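All remarks here apply to the structure that follows.
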Amino acid sequence: MTIAVRTRPSLRFRGKSFLALVLAPEVPLRDWLEDLDEVAKRSPGFFSGRPIIADVSALKPSKSELKFFLAALKMRDIRIIGLEGAAAAVLDADMPATVNGGRQAGDIDFPDLDAVALPATPAPPPAPVTALLVEGSVRSGQSIIHTEGDVTILGSVASGAEIVAGGSIHIYGALRGRAIAGCTGQSSARIFCRKFEAELIAIDGLYKTADDLGPKFHGQPIQVNLDGDSIILTTLD
Amino acid sequence: MAKVLVVTSGKGGVGKTTSTAALGGALAQSGEKVVVIDFDVGLRNLDLVMGAERRVVFDLINVVQGDAKLNQALIRDKRIENLSLLPASQTRDKDALTEEGVARVLADLKQKFDWIICDSPAGIERGATLAMRHADVAVVVTNPEVSSVRDSDRIIGLLDSKTEKAENGERVEKHLLLTRYDPVRAERGEMLKVDDVLEILSIPLLGIIPESEEVLRASNVGSPVTLNNPGSAPGRAYFDAARRLKGESVEMTIPSDKKGLLGKLFGRRAA
Ligand SMILES: Nc1ncnc2c1ncn2[C@@H]1O[C@H](COP(=O)(O)OP(=O)(O)OP(=O)(O)O)[C@@H](O)[C@H]1O
Ligand SMILES: [Mg+2]
């Protein structure tokens, strides 16, 4: 009998944060587009190479209005990576994805005529390193996302719940859902839990599912860390 | 003080309506003034299980919209006078229920009853969130299988975040009611065991209702099992659960209709 061992190429998911420029068109749209053209004329290339999000909440566009607006941006070579504030009903599969929940970073001033060119990506303010403590359990369907540092859960993480941390994840109860540590590229991040029944674990974009892991560590107190490109599980104590 | 209790689950068909009627019947028989409300707009069931389907004239939505007075819509049970039903509408859309309207009706009911038991629809949509919105106490009905347990976990998360109590920084008192439990199948590993479910959900256990054909028999004659056959296994289990709801401490057992071999050998405990 032969046992086929399937090795799969490791697929990585990485998080990266950018300061996105948010364009928030106003009504009447025609006037707003004229202003936009004015900016583009004064500082050519201002919009190129930047992640740009369009916040259309003031526009409250219908589907055709939104299509028109997106076409108007395309004509000006402005590429949108995400849409904010559009009703679900007006969205199409070929439109940019919707985004929400970004953190405010203040207004970016448009450069005036004789100002020096802005650096392509303004440096994001240094994120304070903070730990997040969750007193209870994380229930199915809930997701805790904390890209700034470690996450500690005093209870359990249910099947269908997920924790995403920039740093390490510490779970004092059972891990039955997903734990995604080091999501902003921190390969030294670790995952700890008192009872391991996870659906998925990931560190710095490398992941393993319950199927990959088999029953060996099921129910045990576990530490997960990364050694090069492999995910290592060890039982605690 | 009147208590608003929601019977909820996430997953459908696990026994919410059965439990609403049975707990209502048990609490009413112990002298409490009880009203059961059907929040399952468009798929009403509670009137059937309570045997009142031919007596429905006005419903919750009529009262919420001010088309009928509360007293016109309440249906008093023919068997126990301190048990009433506020039916749902079968024809209307659930969007007709507004949060303020529901709050107003519940406030009125609190003047008249000790327990207001809300039978939630399945799911996590508007109907279910409205039913739990103003609850003081929640009974989370769960079957011993993974999908039901996970949906209950989801509902517990909503009870902790989307209710009026949660938004005021208080807590909805939560209880687990494990229904359709079959000890033999659990022992064989075909169902989750009580401890497995408790460990995952980690909320206090209100009762274990065994799988029993008495439940179907009772609903076929339009009666809560606690009225139709109070001595049956599910009947006794619901009575115990009702006493725990009132704060009494009752030893946790899984009542059984059939006496197994052990039951026959050790039928009575020596005095
Ligand atoms: N303990 C039990 N033993 C046997 N059958 C049961 C038991 N509890 C409920 N049932 C049966 O399960 C079915 C579903 O019950 P019920 O209508 O109370 O569930 P529900 O959660 O209200 O459903 P829905 O989500 O559709 O409102 C019914 O046929 C009922 O008779
Ligand atoms: Mg029902």
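Each chain in the structure tokens gets a letter, A, B and so on, in the order shown; residues start at 1 in every chain, and ligands are counted from 1 in the order they appear.
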At most 7 Å is the cut-off: for each residue in chain B with any atom that close to an atom of ligand 2, write down the nearest atom pair and the distance in Å rounded to one decimal, counting only C-alpha atoms and all ligand atoms, chain first then increasing number, as a Markdown table.
```
| residue | atom | partner | partner_atom_place_in_ligand_line | distance |
| --- | --- | --- | --- | --- |
| B:Gly13 | CA | ligand 2 | 1 (Mg) | 6.7 |
| B:Gly15 | CA | ligand 2 | 1 (Mg) | 6.9 |
| B:Lys16 | CA | ligand 2 | 1 (Mg) | 5.3 |
| B:Thr17 | CA | ligand 2 | 1 (Mg) | 4.1 |
| B:Asp40 | CA | ligand 2 | 1 (Mg) | 6.8 |
| B:Asn45 | CA | ligand 2 | 1 (Mg) | 6.0 |
| B:Leu46 | CA | ligand 2 | 1 (Mg) | 6.9 |
| B:Asp119 | CA | ligand 2 | 1 (Mg) | 6.7 |
| B:Ser120 | CA | ligand 2 | 1 (Mg) | 6.9 |
| B:Pro121 | CA | ligand 2 | 1 (Mg) | 5.9 |
```
message: Using only C-alpha atoms and all ligand atoms, which residues have at least one atom no more than 6 Å from ligand 1? Output them as a list in words.
response: Gly12, Gly13, Val14, Gly15, Lys16, Thr17, Thr18, Pro121, Ala122, Thr179, Arg180, Ile209, Pro210, Glu211, Ser212, Glu213, Val215 and Leu216 of chain B
Please dump the current selection as a compact mmCIF listing (two decimals), in the first residue's frame; keep N, CA, C and O atoms.
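Here's the written file again22.txt:
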```txt
# COMPACT_ATOMS: atom_id res chain seq x y z
N GLY B 12 -32.99 26.83 13.28
CA GLY B 12 -34.43 26.57 13.24
C GLY B 12 -34.77 25.16 13.68
O GLY B 12 -33.93 24.26 13.65
N GLY B 13 -36.01 24.97 14.09
CA GLY B 13 -36.54 23.64 14.36
C GLY B 13 -35.93 22.92 15.55
O GLY B 13 -36.01 21.70 15.66
N VAL B 14 -35.35 23.65 16.49
CA VAL B 14 -34.71 22.97 17.62
C VAL B 14 -35.64 22.83 18.82
O VAL B 14 -35.33 22.11 19.76
N GLY B 15 -36.79 23.51 18.78
CA GLY B 15 -37.76 23.37 19.87
C GLY B 15 -38.09 24.65 20.62
O GLY B 15 -38.51 24.61 21.77
N LYS B 16 -37.92 25.80 19.97
CA LYS B 16 -38.23 27.08 20.63
C LYS B 16 -39.72 27.20 20.93
O LYS B 16 -40.10 27.54 22.06
N THR B 17 -40.55 26.94 19.92
CA THR B 17 -41.99 27.12 20.11
C THR B 17 -42.51 26.10 21.13
O THR B 17 -43.28 26.45 22.03
N THR B 18 -42.06 24.87 21.00
CA THR B 18 -42.41 23.83 21.97
C THR B 18 -42.04 24.27 23.39
O THR B 18 -42.84 24.14 24.32
N PRO B 121 -38.25 33.90 16.23
CA PRO B 121 -38.05 33.14 15.00
C PRO B 121 -36.59 32.67 14.93
O PRO B 121 -35.74 33.16 15.66
N ALA B 122 -36.34 31.71 14.04
CA ALA B 122 -34.96 31.25 13.83
C ALA B 122 -34.17 32.35 13.15
O ALA B 122 -34.74 33.32 12.67
N THR B 179 -32.46 20.51 24.35
CA THR B 179 -33.69 19.79 24.03
C THR B 179 -33.41 18.64 23.06
O THR B 179 -32.36 18.60 22.42
N ARG B 180 -34.40 17.75 22.95
CA ARG B 180 -34.31 16.58 22.07
C ARG B 180 -33.08 15.74 22.42
O ARG B 180 -32.42 15.20 21.54
N ILE B 209 -34.20 18.42 28.15
CA ILE B 209 -35.50 17.89 27.75
C ILE B 209 -35.23 16.68 26.86
O ILE B 209 -34.62 16.81 25.80
N PRO B 210 -35.68 15.51 27.27
CA PRO B 210 -35.40 14.34 26.46
C PRO B 210 -36.21 14.32 25.16
O PRO B 210 -37.28 14.93 25.09
N GLU B 211 -35.69 13.66 24.16
CA GLU B 211 -36.43 13.40 22.93
C GLU B 211 -37.60 12.50 23.31
O GLU B 211 -37.43 11.48 23.97
N SER B 212 -38.81 12.90 22.93
CA SER B 212 -39.96 12.09 23.34
C SER B 212 -41.13 12.31 22.40
O SER B 212 -41.40 13.45 21.97
N GLU B 213 -41.85 11.23 22.09
CA GLU B 213 -43.00 11.40 21.21
C GLU B 213 -44.15 12.11 21.91
O GLU B 213 -45.10 12.55 21.25
N VAL B 215 -44.04 15.00 22.98
CA VAL B 215 -44.02 16.38 22.50
C VAL B 215 -44.90 16.53 21.26
O VAL B 215 -45.74 17.43 21.18
N LEU B 216 -44.72 15.62 20.32
CA LEU B 216 -45.51 15.65 19.09
C LEU B 216 -46.99 15.40 19.41
O LEU B 216 -47.89 16.07 18.90
```
message: Residues of chain B were defined as contacting chain A if any atom lay at most 9 Å from it, counting only C-alpha atoms; please report them as a ChimeraX atom specification.
response: /B:150-158,200-201
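The coordinates place CA of Leu178 (chain B) at 5.7 Å from CA of Asn143 (chain B).
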field: Every residue of region 36-238 of chain B that DSSP places in strand (DSSP E), as an MDAnalysis selection string
entry: chainID B and resid 36:38 75:76 83:86 115:119 137:142 173:181 205:210
task: Mind checking which residues fall within 7 Å of Asn225 (chain A), counting only C-alpha atoms, ignoring those fewer than 5 positions away in the same chain, and posting them as a ChimeraX atom specification?
output: /A:189-191,231-233
The selected residues should be written to file as a CSV table (one decimal), in the first residue's frame (atoms: C-alpha atoms).
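Written out: again.csv:
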```csv
chain,number,residue,atom,x,y,z
A,189,ALA,CA,4.6,36.2,16.6
A,190,ARG,CA,3.2,33.2,18.4
A,191,ILE,CA,-0.1,31.6,19.3
A,231,ILE,CA,4.5,26.2,11.4
A,232,ILE,CA,5.6,24.4,14.5
A,233,LEU,CA,3.2,23.2,17.2
```
- prompt: Can you tell me, as a VMD selection string, what residues are no more than 9 Å from region 77-89 of chain B when counting only C-alpha atoms, ignoring any on the same chain fewer than 5 positions away?
  reply: chain B and resid 24 to 25 27 to 29 31 to 47 50 to 53 56 58 to 62 70 94 113 227
Store the residues of this selection in a file with C-alpha atoms, as a compact mmCIF listing (two decimals), in the first residue's frame.
```txt
# COMPACT_ATOMS: atom_id res chain seq x y z
CA GLY B 24 -45.47 29.08 29.80
CA GLY B 25 -47.78 26.23 30.80
CA LEU B 27 -45.07 28.69 35.07
CA ALA B 28 -48.81 29.39 34.81
CA GLN B 29 -49.65 26.19 36.69
CA GLY B 31 -49.51 30.41 39.90
CA GLU B 32 -47.57 32.94 37.80
CA LYS B 33 -49.39 35.22 35.39
CA VAL B 34 -47.91 34.40 31.99
CA VAL B 35 -48.24 35.66 28.44
CA VAL B 36 -46.54 33.95 25.52
CA ILE B 37 -45.85 36.09 22.43
CA ASP B 38 -45.22 34.80 18.95
CA PHE B 39 -42.52 36.88 17.21
CA ASP B 40 -42.41 34.59 14.19
CA VAL B 41 -44.28 36.97 11.89
CA GLY B 42 -45.34 35.23 8.69
CA LEU B 43 -44.67 31.72 10.03
CA ARG B 44 -46.69 31.73 13.18
CA ASN B 45 -46.80 28.45 15.09
CA LEU B 46 -47.37 29.21 18.72
CA ASP B 47 -51.15 29.55 18.25
CA MET B 50 -51.34 26.42 22.23
CA GLY B 51 -54.52 25.22 20.49
CA ALA B 52 -55.77 28.75 19.86
CA GLU B 53 -55.53 29.01 16.07
CA VAL B 56 -56.98 34.59 16.58
CA PHE B 58 -56.02 40.53 16.17
CA ASP B 59 -52.29 40.03 16.46
CA LEU B 60 -49.03 41.59 17.65
CA ILE B 61 -48.68 43.75 14.56
CA ASN B 62 -52.20 45.14 14.91
CA LEU B 70 -53.86 44.88 23.65
CA LYS B 94 -42.03 41.34 9.68
CA PHE B 113 -48.20 39.73 33.76
CA LEU B 227 -50.62 20.77 30.29
```
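Residues in contact with Pro221 (chain A) at 6 Å, where only C-alpha atoms are counted and same-chain residues fewer than 6 positions away are skipped, are listed as Cys193, Arg194, Lys195, Thr235 and Leu236 of chain A.
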Please, could you write that set of residues out with N, CA, C and O atoms as an mmCIF file, in the first residue's frame?
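Final output, selection21.cif:
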```
data_model
loop_
_atom_site.group_PDB
_atom_site.id
_atom_site.type_symbol
_atom_site.label_atom_id
_atom_site.label_comp_id
_atom_site.auth_asym_id
_atom_site.auth_seq_id
_atom_site.Cartn_x
_atom_site.Cartn_y
_atom_site.Cartn_z
ATOM 1 N N CYS A 193 -2.540 28.612 23.403
ATOM 2 C CA CYS A 193 -3.899 28.365 23.885
ATOM 3 C C CYS A 193 -3.888 27.191 24.852
ATOM 4 O O CYS A 193 -2.985 26.352 24.816
ATOM 5 N N ARG A 194 -4.906 27.161 25.714
ATOM 6 C CA ARG A 194 -4.909 26.106 26.716
ATOM 7 C C ARG A 194 -5.515 24.817 26.186
ATOM 8 O O ARG A 194 -5.248 23.739 26.676
ATOM 9 N N LYS A 195 -6.385 24.957 25.186
ATOM 10 C CA LYS A 195 -6.984 23.765 24.607
ATOM 11 C C LYS A 195 -7.074 23.997 23.112
ATOM 12 O O LYS A 195 -7.750 24.908 22.655
ATOM 13 N N THR A 235 3.425 21.093 22.436
ATOM 14 C CA THR A 235 2.549 21.105 23.603
ATOM 15 C C THR A 235 3.255 21.859 24.721
ATOM 16 O O THR A 235 4.467 21.733 24.903
ATOM 17 N N LEU A 236 2.486 22.623 25.449
ATOM 18 C CA LEU A 236 3.024 23.331 26.602
ATOM 19 C C LEU A 236 3.063 22.338 27.757
ATOM 20 O O LEU A 236 2.290 21.413 27.802
#
```
- request: Taking the chain letters and numbering used in this document, name the residues of region 125-204 of chain B that DSSP puts in alpha helix (DSSP H), as a ChimeraX atom specification.
  value: /B:126-133,146-159,164-167,183-187,194-201
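We find CA of Leu83 (chain A) and CA of Val56 (chain A) to be spaced 7.3 Å apart.
Of the residues listed (A:Leu226, A:Pro96, A:Asp237, A:Arg76), A:Arg76 shows the shortest atom-to-atom separation from Glu38 (chain A); distances use only C-alpha atoms.
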Long-range neighbours of Ile203 (chain A) as a VMD selection string, 12 Å cut-off, only C-alpha atoms, 3 positions minimum in chain: chain A and resid 11 to 15 163 to 169 178 to 192 200 206 to 208 223 to 233
Could you list, as an mmCIF file with all heavy atoms, in the first residue's frame, every residue within 12 Å of Lys162 (chain B), counting only C-alpha atoms and ignoring same-chain residues fewer than 5 positions away?
```
data_model
loop_
_atom_site.group_PDB
_atom_site.id
_atom_site.type_symbol
_atom_site.label_atom_id
_atom_site.label_comp_id
_atom_site.auth_asym_id
_atom_site.auth_seq_id
_atom_site.Cartn_x
_atom_site.Cartn_y
_atom_site.Cartn_z
ATOM 1 N N ILE B 124 -30.755 35.158 12.621
ATOM 2 C CA ILE B 124 -30.182 36.270 13.376
ATOM 3 C C ILE B 124 -30.637 37.582 12.762
ATOM 4 O O ILE B 124 -30.048 38.622 12.972
ATOM 5 C CB ILE B 124 -28.643 36.194 13.391
ATOM 6 C CG1 ILE B 124 -28.118 36.087 11.965
ATOM 7 C CG2 ILE B 124 -28.151 35.026 14.208
ATOM 8 C CD1 ILE B 124 -26.618 36.224 11.866
ATOM 9 N N GLU B 125 -31.717 37.507 11.974
ATOM 10 C CA GLU B 125 -32.190 38.707 11.293
ATOM 11 C C GLU B 125 -33.096 39.512 12.214
ATOM 12 O O GLU B 125 -33.274 39.195 13.373
ATOM 13 C CB GLU B 125 -32.945 38.319 10.012
ATOM 14 C CG GLU B 125 -32.173 37.403 9.087
ATOM 15 C CD GLU B 125 -30.868 38.026 8.617
ATOM 16 O OE1 GLU B 125 -30.834 39.252 8.453
ATOM 17 O OE2 GLU B 125 -29.895 37.279 8.433
ATOM 18 N N ARG B 126 -33.710 40.488 11.608
ATOM 19 C CA ARG B 126 -34.523 41.451 12.326
ATOM 20 C C ARG B 126 -35.525 40.841 13.313
ATOM 21 O O ARG B 126 -35.603 41.271 14.464
ATOM 22 C CB ARG B 126 -35.276 42.283 11.286
ATOM 23 C CG ARG B 126 -36.074 43.410 11.837
ATOM 24 C CD ARG B 126 -36.681 44.191 10.665
ATOM 25 N NE ARG B 126 -37.793 44.986 11.137
ATOM 26 C CZ ARG B 126 -37.636 46.143 11.757
ATOM 27 N NH1 ARG B 126 -36.427 46.607 11.959
ATOM 28 N NH2 ARG B 126 -38.677 46.830 12.173
ATOM 29 N N ALA B 128 -35.527 38.023 14.900
ATOM 30 C CA ALA B 128 -34.857 37.438 16.067
ATOM 31 C C ALA B 128 -34.240 38.528 16.946
ATOM 32 O O ALA B 128 -34.320 38.462 18.176
ATOM 33 C CB ALA B 128 -33.788 36.452 15.614
ATOM 34 N N THR B 129 -33.655 39.544 16.332
ATOM 35 C CA THR B 129 -33.032 40.592 17.154
ATOM 36 C C THR B 129 -34.098 41.431 17.865
ATOM 37 O O THR B 129 -33.892 41.859 18.991
ATOM 38 C CB THR B 129 -32.103 41.505 16.325
ATOM 39 O OG1 THR B 129 -32.788 41.892 15.142
ATOM 40 C CG2 THR B 129 -30.828 40.790 15.942
ATOM 41 N N LEU B 130 -35.258 41.612 17.207
ATOM 42 C CA LEU B 130 -36.348 42.335 17.883
ATOM 43 C C LEU B 130 -36.884 41.547 19.069
ATOM 44 O O LEU B 130 -37.206 42.110 20.107
ATOM 45 C CB LEU B 130 -37.491 42.591 16.906
ATOM 46 C CG LEU B 130 -37.549 43.957 16.265
ATOM 47 C CD1 LEU B 130 -38.761 44.053 15.352
ATOM 48 C CD2 LEU B 130 -37.611 45.055 17.325
ATOM 49 N N ALA B 131 -36.981 40.222 18.893
ATOM 50 C CA ALA B 131 -37.521 39.388 19.972
ATOM 51 C C ALA B 131 -36.613 39.433 21.203
ATOM 52 O O ALA B 131 -37.080 39.379 22.332
ATOM 53 C CB ALA B 131 -37.701 37.948 19.484
ATOM 54 N N MET B 132 -35.294 39.539 20.986
ATOM 55 C CA MET B 132 -34.362 39.527 22.130
ATOM 56 C C MET B 132 -34.079 40.929 22.661
ATOM 57 O O MET B 132 -33.565 41.091 23.759
ATOM 58 C CB MET B 132 -33.044 38.851 21.745
ATOM 59 C CG MET B 132 -32.192 39.654 20.782
ATOM 60 S SD MET B 132 -30.498 39.019 20.615
ATOM 61 C CE MET B 132 -30.781 37.439 19.863
ATOM 62 N N ARG B 133 -34.425 41.922 21.859
ATOM 63 C CA ARG B 133 -34.031 43.311 22.125
ATOM 64 C C ARG B 133 -34.268 43.753 23.582
ATOM 65 O O ARG B 133 -33.418 44.342 24.210
ATOM 66 C CB ARG B 133 -34.805 44.197 21.143
ATOM 67 C CG ARG B 133 -34.517 45.657 21.243
ATOM 68 C CD ARG B 133 -33.256 46.018 20.504
ATOM 69 N NE ARG B 133 -32.857 47.353 20.915
ATOM 70 C CZ ARG B 133 -31.617 47.745 21.146
ATOM 71 N NH1 ARG B 133 -30.637 46.914 20.954
ATOM 72 N NH2 ARG B 133 -31.349 48.941 21.551
ATOM 73 N N HIS B 134 -35.465 43.477 24.111
ATOM 74 C CA HIS B 134 -35.820 44.022 25.427
ATOM 75 C C HIS B 134 -35.802 42.972 26.532
ATOM 76 O O HIS B 134 -36.396 43.160 27.588
ATOM 77 C CB HIS B 134 -37.195 44.682 25.350
ATOM 78 C CG HIS B 134 -37.305 45.684 24.244
ATOM 79 N ND1 HIS B 134 -36.796 46.949 24.346
ATOM 80 C CD2 HIS B 134 -37.806 45.588 22.989
ATOM 81 C CE1 HIS B 134 -37.011 47.609 23.213
ATOM 82 N NE2 HIS B 134 -37.609 46.791 22.365
ATOM 83 N N ALA B 135 -35.148 41.836 26.255
ATOM 84 C CA ALA B 135 -35.211 40.716 27.200
ATOM 85 C C ALA B 135 -34.419 40.983 28.478
ATOM 86 O O ALA B 135 -33.383 41.640 28.463
ATOM 87 C CB ALA B 135 -34.691 39.455 26.526
ATOM 88 N N ARG B 154 -23.405 31.825 18.569
ATOM 89 C CA ARG B 154 -23.584 33.079 17.831
ATOM 90 C C ARG B 154 -24.664 33.938 18.500
ATOM 91 O O ARG B 154 -24.502 35.147 18.679
ATOM 92 C CB ARG B 154 -23.974 32.708 16.397
ATOM 93 C CG ARG B 154 -24.248 33.843 15.463
ATOM 94 C CD ARG B 154 -23.019 34.187 14.677
ATOM 95 N NE ARG B 154 -22.953 35.628 14.540
ATOM 96 C CZ ARG B 154 -23.104 36.287 13.403
ATOM 97 N NH1 ARG B 154 -23.253 35.651 12.299
ATOM 98 N NH2 ARG B 154 -23.062 37.594 13.381
ATOM 99 N N ILE B 155 -25.773 33.288 18.851
ATOM 100 C CA ILE B 155 -26.883 34.010 19.495
ATOM 101 C C ILE B 155 -26.436 34.590 20.842
ATOM 102 O O ILE B 155 -26.793 35.718 21.201
ATOM 103 C CB ILE B 155 -28.093 33.057 19.678
ATOM 104 C CG1 ILE B 155 -28.848 32.918 18.357
ATOM 105 C CG2 ILE B 155 -29.025 33.550 20.774
ATOM 106 C CD1 ILE B 155 -29.612 34.156 17.930
ATOM 107 N N ILE B 156 -25.634 33.836 21.590
ATOM 108 C CA ILE B 156 -25.163 34.338 22.880
ATOM 109 C C ILE B 156 -24.334 35.602 22.663
ATOM 110 O O ILE B 156 -24.445 36.571 23.411
ATOM 111 C CB ILE B 156 -24.347 33.254 23.629
ATOM 112 C CG1 ILE B 156 -25.253 32.072 23.978
ATOM 113 C CG2 ILE B 156 -23.742 33.818 24.905
ATOM 114 C CD1 ILE B 156 -24.505 30.851 24.478
ATOM 115 N N GLY B 157 -23.541 35.606 21.609
ATOM 116 C CA GLY B 157 -22.774 36.804 21.264
ATOM 117 C C GLY B 157 -23.695 37.997 21.015
ATOM 118 O O GLY B 157 -23.421 39.113 21.455
ATOM 119 N N GLU B 167 -26.482 47.152 25.806
ATOM 120 C CA GLU B 167 -26.107 48.518 25.436
ATOM 121 C C GLU B 167 -26.070 49.446 26.642
ATOM 122 O O GLU B 167 -25.388 50.460 26.641
ATOM 123 C CB GLU B 167 -27.050 49.049 24.358
ATOM 124 C CG GLU B 167 -26.731 48.425 23.007
ATOM 125 C CD GLU B 167 -27.749 48.722 21.929
ATOM 126 O OE1 GLU B 167 -28.627 49.576 22.155
ATOM 127 O OE2 GLU B 167 -27.655 48.097 20.860
ATOM 128 N N ASN B 168 -26.819 49.083 27.698
ATOM 129 C CA ASN B 168 -26.761 49.872 28.934
ATOM 130 C C ASN B 168 -25.691 49.382 29.896
ATOM 131 O O ASN B 168 -25.673 49.777 31.060
ATOM 132 C CB ASN B 168 -28.113 49.838 29.649
ATOM 133 C CG ASN B 168 -29.173 50.570 28.863
ATOM 134 O OD1 ASN B 168 -28.858 51.456 28.076
ATOM 135 N ND2 ASN B 168 -30.421 50.189 29.046
ATOM 136 N N GLY B 169 -24.844 48.471 29.413
ATOM 137 C CA GLY B 169 -23.770 47.970 30.260
ATOM 138 C C GLY B 169 -24.230 46.918 31.257
ATOM 139 O O GLY B 169 -23.487 46.551 32.162
ATOM 140 N N GLU B 170 -25.482 46.411 31.092
ATOM 141 C CA GLU B 170 -25.940 45.335 31.969
ATOM 142 C C GLU B 170 -25.854 44.025 31.201
ATOM 143 O O GLU B 170 -25.428 43.993 30.067
ATOM 144 C CB GLU B 170 -27.395 45.586 32.392
ATOM 145 C CG GLU B 170 -27.590 46.840 33.218
ATOM 146 C CD GLU B 170 -29.072 47.163 33.343
ATOM 147 O OE1 GLU B 170 -29.771 46.408 34.032
ATOM 148 O OE2 GLU B 170 -29.507 48.146 32.727
ATOM 149 N N ARG B 171 -26.319 42.953 31.852
ATOM 150 C CA ARG B 171 -26.264 41.664 31.193
ATOM 151 C C ARG B 171 -27.632 41.013 31.124
ATOM 152 O O ARG B 171 -28.390 41.059 32.083
ATOM 153 C CB ARG B 171 -25.347 40.722 31.975
ATOM 154 C CG ARG B 171 -23.960 40.758 31.432
ATOM 155 C CD ARG B 171 -23.007 39.947 32.224
ATOM 156 N NE ARG B 171 -21.721 40.049 31.579
ATOM 157 C CZ ARG B 171 -21.299 39.226 30.631
ATOM 158 N NH1 ARG B 171 -22.052 38.200 30.273
ATOM 159 N NH2 ARG B 171 -20.141 39.403 30.054
ATOM 160 N N VAL B 172 -27.913 40.400 29.988
ATOM 161 C CA VAL B 172 -29.100 39.561 29.909
ATOM 162 C C VAL B 172 -28.743 38.250 30.597
ATOM 163 O O VAL B 172 -27.682 37.682 30.348
ATOM 164 C CB VAL B 172 -29.491 39.312 28.441
ATOM 165 C CG1 VAL B 172 -30.636 38.323 28.338
ATOM 166 C CG2 VAL B 172 -29.856 40.619 27.764
#
```
- request: Rank B:Val49, B:Val64, B:Leu177, B:Leu205 by their smallest atom-to-atom distance to Gly101 (chain B), using only C-alpha atoms, and report the top residue only.
  value: B:Val64
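Straight-line separation from CA of Thr234 (chain A) to CA of Ala131 (chain A): 23.8 Å.
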